Amino acid sequence: MLEGESYLYKEGYRLIAGTDEAGRGPLAGPLFVAAVVFPEGYKNPDLDDSKKLTAHKRELLFETIKKDALDYAIISFTPEEVDRLDPYHASREGMKKALSKLRFDIAVTDAMPLDGVDYPYINVIKADAKYLAVAAASILAKVSRDRYMNELDVKYPQYGFASNKGYGTKDHLLALERHGPIKGVHRFSYKPVKDSFQMKIDLF
């Protein structure tokens with residue numbers, strides 16, 4: 001059971017928002033960020049860091065979180081926006097944007113400092129393995145992104161997005177070499193994508 005919130009309840013906070021992202025490292029697809037606020041004292045023994053859960057379990061919890069949360073927000077940045085901002089700053093701006101849609105007393109981020117905000121927050125290393133609201137946000141972001149990548153897989157089956165989710169796996173890198181990157185799908189500021197694009201140019 002994740003019980004990071006219990007300390008904040010003792011400090012007098014009642015509405016605790018957790019926020020996390022999915023997709024900072026992949027070569028393709030959007031970056032998704034979510035934020036969640038649960039009712040005070042909410043407990044769910046099934047909630048955990050999204051990376052520790054099976055895809056099926058995440059899908060089930062996705063619906064549970066949306067039903068049980070007092071409020072939640074899911075936002076995304078396109079590959080072009082990630083290229084422009086860089087993945088770190090896109091994650092930070094995404095967390096601030098998601099949190100701006102919620103009402104809360106304090107926010108918890110997964111090791112991400114927030115600048116220029118006028119509300120209390122803490123950034124905690126591995127917060128998604130300690131705070132229910134952050135774990136929930138990680139699941140909302142991860143499932144949303146995985147669903148998007150599955151849709152891309154139908155549209156561009158040659159890249160295997162359903163299995164690699166846009167990460168730089170061997171098969172994805174081979175597909176990039178063979179077919180080149182796709183504008184609006186791949187992140188052209190990332191070296192493997194940039195290299196494959198240059199390779200295609202050099203062939204002509």
# chains A, B, ... in the order shown; residues from 1 in each chain; ligands from 1

call {"tool": "residues_around", "arguments": {"residues": "stretch 49-52 of chain A", "least_positions_apart": "3", "cutoff": "12 Å", "atoms": "only C-alpha atoms", "output": "PyMOL selection string"}}
result
chain A and resi 1-2+20-23+45-46+55-62+110+126-144+146

call {"tool": "write_last_selection", "arguments": {"atoms": "C-alpha atoms", "output": "PDB file, in the first residue's frame"}}
result
ATOM      1  CA  MET A   1       0.000   0.000   0.000  1.00  0.00           C
ATOM      2  CA  LEU A   2       1.387   3.414  -1.005  1.00  0.00           C
ATOM      3  CA  ASP A  20       3.549  12.297 -13.597  1.00  0.00           C
ATOM      4  CA  GLU A  21       4.438  11.844 -17.258  1.00  0.00           C
ATOM      5  CA  ALA A  22       4.805   9.032 -19.776  1.00  0.00           C
ATOM      6  CA  GLY A  23       6.907   9.115 -22.900  1.00  0.00           C
ATOM      7  CA  PRO A  45      -3.947  -1.553  -2.617  1.00  0.00           C
ATOM      8  CA  ASP A  46      -3.799  -2.221  -6.378  1.00  0.00           C
ATOM      9  CA  ALA A  55      -0.796  -3.602 -19.437  1.00  0.00           C
ATOM     10  CA  HIS A  56      -4.050  -5.364 -18.544  1.00  0.00           C
ATOM     11  CA  LYS A  57      -3.844  -4.213 -14.919  1.00  0.00           C
ATOM     12  CA  ARG A  58      -3.121  -0.636 -16.011  1.00  0.00           C
ATOM     13  CA  GLU A  59      -6.183  -0.664 -18.274  1.00  0.00           C
ATOM     14  CA  LEU A  60      -8.410  -1.821 -15.409  1.00  0.00           C
ATOM     15  CA  LEU A  61      -6.967   0.763 -13.026  1.00  0.00           C
ATOM     16  CA  PHE A  62      -7.346   3.502 -15.635  1.00  0.00           C
ATOM     17  CA  ASP A 110       7.950  12.701  -9.457  1.00  0.00           C
ATOM     18  CA  LYS A 126      10.298   7.786  -7.125  1.00  0.00           C
ATOM     19  CA  ALA A 127       7.097   9.488  -5.990  1.00  0.00           C
ATOM     20  CA  ASP A 128       5.150   7.113  -8.245  1.00  0.00           C
ATOM     21  CA  ALA A 129       6.171   4.289  -5.893  1.00  0.00           C
ATOM     22  CA  LYS A 130       5.263   6.253  -2.736  1.00  0.00           C
ATOM     23  CA  TYR A 131       2.186   8.418  -3.376  1.00  0.00           C
ATOM     24  CA  LEU A 132      -1.168   7.061  -4.545  1.00  0.00           C
ATOM     25  CA  ALA A 133      -2.007  10.192  -6.527  1.00  0.00           C
ATOM     26  CA  VAL A 134       1.326  10.142  -8.373  1.00  0.00           C
ATOM     27  CA  ALA A 135       1.016   6.417  -9.114  1.00  0.00           C
ATOM     28  CA  ALA A 136      -2.483   7.077 -10.436  1.00  0.00           C
ATOM     29  CA  ALA A 137      -1.211   9.924 -12.621  1.00  0.00           C
ATOM     30  CA  SER A 138       1.529   7.668 -13.997  1.00  0.00           C
ATOM     31  CA  ILE A 139      -1.123   5.094 -14.960  1.00  0.00           C
ATOM     32  CA  LEU A 140      -3.395   7.645 -16.648  1.00  0.00           C
ATOM     33  CA  ALA A 141      -0.468   9.038 -18.630  1.00  0.00           C
ATOM     34  CA  LYS A 142       0.946   5.621 -19.551  1.00  0.00           C
ATOM     35  CA  VAL A 143      -2.365   4.095 -20.666  1.00  0.00           C
ATOM     36  CA  SER A 144      -3.280   7.215 -22.655  1.00  0.00           C
ATOM     37  CA  ASP A 146      -0.044   3.372 -25.076  1.00  0.00           C
TER      38      ASP A 146
END

call {"tool": "residues_around", "arguments": {"residues": "A:Ser91", "least_positions_apart": "3", "cutoff": "8 Å", "atoms": "only C-alpha atoms", "output": "count of residues only"}}
result
8

call {"tool": "closest_residue", "arguments": {"among": "A:Leu27, A:Leu70, A:Leu15, A:Ile65", "to": "A:Asn44", "atoms": "only C-alpha atoms"}}
result
A:Ile65

call {"tool": "select_by_dssp", "arguments": {"residues": "chain A", "states": "strand (DSSP E)", "output": "MDAnalysis selection string"}}
result
chainID A and resid 16:22 31:37 71:77 106:110 121:124

call {"tool": "atom_distance", "arguments": {"atom1": "atom CA of A:Ile125", "atom2": "atom CA of A:Ala111"}}
result
4.6 Å

call {"tool": "residues_around", "arguments": {"residues": "A:His172", "least_positions_apart": "5", "cutoff": "10 Å", "atoms": "only C-alpha atoms", "output": "PyMOL selection string"}}
result
chain A and resi 27-28+158-161+163-167+177-178

call {"tool": "write_last_selection", "arguments": {"atoms": "C-alpha atoms", "output": "compact mmCIF listing (two decimals), in the first residue's frame"}}
result
# COMPACT_ATOMS: atom_id res chain seq x y z
CA LEU A 27 11.78 8.47 -30.33
CA ALA A 28 8.17 8.76 -31.49
CA GLN A 158 6.03 -1.09 -40.54
CA TYR A 159 7.35 0.59 -37.36
CA GLY A 160 5.90 -1.87 -34.83
CA PHE A 161 4.64 0.86 -32.50
CA SER A 163 5.27 -3.53 -29.44
CA ASN A 164 7.94 -0.85 -29.04
CA LYS A 165 5.68 2.12 -28.13
CA GLY A 166 8.13 4.40 -29.93
CA TYR A 167 11.18 3.50 -27.87
CA GLU A 177 16.89 2.96 -41.25
CA ARG A 178 14.64 1.24 -43.78

call {"tool": "select_by_dssp", "arguments": {"residues": "stretch 5-203 of chain A", "states": "alpha helix (DSSP H)", "output": "PyMOL selection string"}}
result
chain A and resi 5-10+55-68+79-85+87-99+132-155+161-164+170-179+191-202

call {"tool": "closest_residue", "arguments": {"among": "A:Lys43, A:His89, A:Lys194, A:Lys101", "to": "A:Ala73", "atoms": "only C-alpha atoms"}}
result
A:Lys101

call {"tool": "atom_distance", "arguments": {"atom1": "atom CA of A:Asp71", "atom2": "atom CA of A:Val37"}}
result
5.4 Å

call {"tool": "atom_distance", "arguments": {"atom1": "atom CA of A:Glu80", "atom2": "atom CA of A:Tyr190"}}
result
11.3 Å

call {"tool": "decode", "arguments": {"residues": "stretch 126-140 of chain A", "atoms": "all heavy atoms", "output": "compact mmCIF listing (two decimals), in the first residue's frame"}}
result
# COMPACT_ATOMS: atom_id res chain seq x y z
N LYS A 126 11.14 9.01 -7.10
CA LYS A 126 10.30 7.79 -7.13
C LYS A 126 8.95 8.01 -6.42
O LYS A 126 8.44 7.12 -5.74
CB LYS A 126 11.04 6.59 -6.52
CG LYS A 126 12.30 6.21 -7.28
CD LYS A 126 12.87 4.90 -6.78
CE LYS A 126 14.17 4.54 -7.49
NZ LYS A 126 14.03 4.42 -8.95
N ALA A 127 8.40 9.19 -6.61
CA ALA A 127 7.10 9.49 -5.99
C ALA A 127 6.01 8.55 -6.49
O ALA A 127 5.04 8.29 -5.78
CB ALA A 127 6.71 10.94 -6.28
N ASP A 128 6.17 8.02 -7.71
CA ASP A 128 5.15 7.11 -8.25
C ASP A 128 5.13 5.77 -7.53
O ASP A 128 4.20 4.98 -7.70
CB ASP A 128 5.33 6.91 -9.75
CG ASP A 128 6.74 6.51 -10.14
OD1 ASP A 128 7.60 6.38 -9.26
OD2 ASP A 128 6.99 6.34 -11.35
N ALA A 129 6.15 5.51 -6.70
CA ALA A 129 6.17 4.29 -5.89
C ALA A 129 5.88 4.59 -4.43
O ALA A 129 5.99 3.69 -3.58
CB ALA A 129 7.53 3.60 -6.02
N LYS A 130 5.50 5.85 -4.13
CA LYS A 130 5.26 6.25 -2.74
C LYS A 130 3.91 6.92 -2.52
O LYS A 130 3.33 6.81 -1.44
CB LYS A 130 6.37 7.21 -2.29
CG LYS A 130 7.77 6.61 -2.35
CD LYS A 130 8.85 7.66 -2.09
CE LYS A 130 10.24 7.07 -2.24
NZ LYS A 130 11.31 8.10 -2.13
N TYR A 131 3.41 7.63 -3.52
CA TYR A 131 2.19 8.42 -3.38
C TYR A 131 1.11 7.86 -4.31
O TYR A 131 1.33 7.71 -5.52
CB TYR A 131 2.44 9.89 -3.71
CG TYR A 131 3.26 10.60 -2.67
CD1 TYR A 131 4.65 10.49 -2.66
CD2 TYR A 131 2.66 11.40 -1.70
CE1 TYR A 131 5.41 11.14 -1.70
CE2 TYR A 131 3.41 12.06 -0.74
CZ TYR A 131 4.78 11.93 -0.75
OH TYR A 131 5.53 12.57 0.20
N LEU A 132 -0.07 7.60 -3.76
CA LEU A 132 -1.17 7.06 -4.54
C LEU A 132 -1.52 7.96 -5.72
O LEU A 132 -1.73 7.48 -6.84
CB LEU A 132 -2.41 6.88 -3.66
CG LEU A 132 -2.47 5.63 -2.79
CD1 LEU A 132 -3.64 5.75 -1.82
CD2 LEU A 132 -2.63 4.38 -3.64
N ALA A 133 -1.59 9.27 -5.47
CA ALA A 133 -2.01 10.19 -6.53
C ALA A 133 -0.99 10.25 -7.66
O ALA A 133 -1.36 10.38 -8.83
CB ALA A 133 -2.24 11.59 -5.95
N VAL A 134 0.29 10.13 -7.33
CA VAL A 134 1.33 10.14 -8.37
C VAL A 134 1.30 8.83 -9.14
O VAL A 134 1.42 8.81 -10.37
CB VAL A 134 2.72 10.40 -7.77
CG1 VAL A 134 3.78 10.42 -8.87
CG2 VAL A 134 2.74 11.71 -7.00
N ALA A 135 1.14 7.71 -8.44
CA ALA A 135 1.02 6.42 -9.11
C ALA A 135 -0.18 6.43 -10.06
O ALA A 135 -0.09 5.94 -11.20
CB ALA A 135 0.87 5.30 -8.08
N ALA A 136 -1.29 6.99 -9.59
CA ALA A 136 -2.48 7.08 -10.44
C ALA A 136 -2.22 7.93 -11.67
O ALA A 136 -2.64 7.58 -12.79
CB ALA A 136 -3.64 7.64 -9.63
N ALA A 137 -1.54 9.06 -11.48
CA ALA A 137 -1.21 9.92 -12.62
C ALA A 137 -0.31 9.20 -13.61
O ALA A 137 -0.48 9.33 -14.84
CB ALA A 137 -0.54 11.20 -12.12
N SER A 138 0.63 8.41 -13.10
CA SER A 138 1.53 7.67 -14.00
C SER A 138 0.74 6.66 -14.83
O SER A 138 1.04 6.44 -16.00
CB SER A 138 2.64 6.97 -13.20
OG SER A 138 2.18 5.80 -12.54
N ILE A 139 -0.29 6.06 -14.23
CA ILE A 139 -1.12 5.09 -14.96
C ILE A 139 -1.97 5.79 -16.02
O ILE A 139 -2.06 5.33 -17.16
CB ILE A 139 -2.01 4.30 -13.97
CG1 ILE A 139 -1.13 3.39 -13.11
CG2 ILE A 139 -3.07 3.49 -14.71
CD1 ILE A 139 -1.84 2.80 -11.91
N LEU A 140 -2.59 6.92 -15.67
CA LEU A 140 -3.40 7.65 -16.65
C LEU A 140 -2.54 8.08 -17.84
O LEU A 140 -2.97 7.97 -18.99
CB LEU A 140 -4.05 8.87 -16.00
CG LEU A 140 -5.13 8.63 -14.95
CD1 LEU A 140 -5.82 9.96 -14.59
CD2 LEU A 140 -6.17 7.62 -15.41
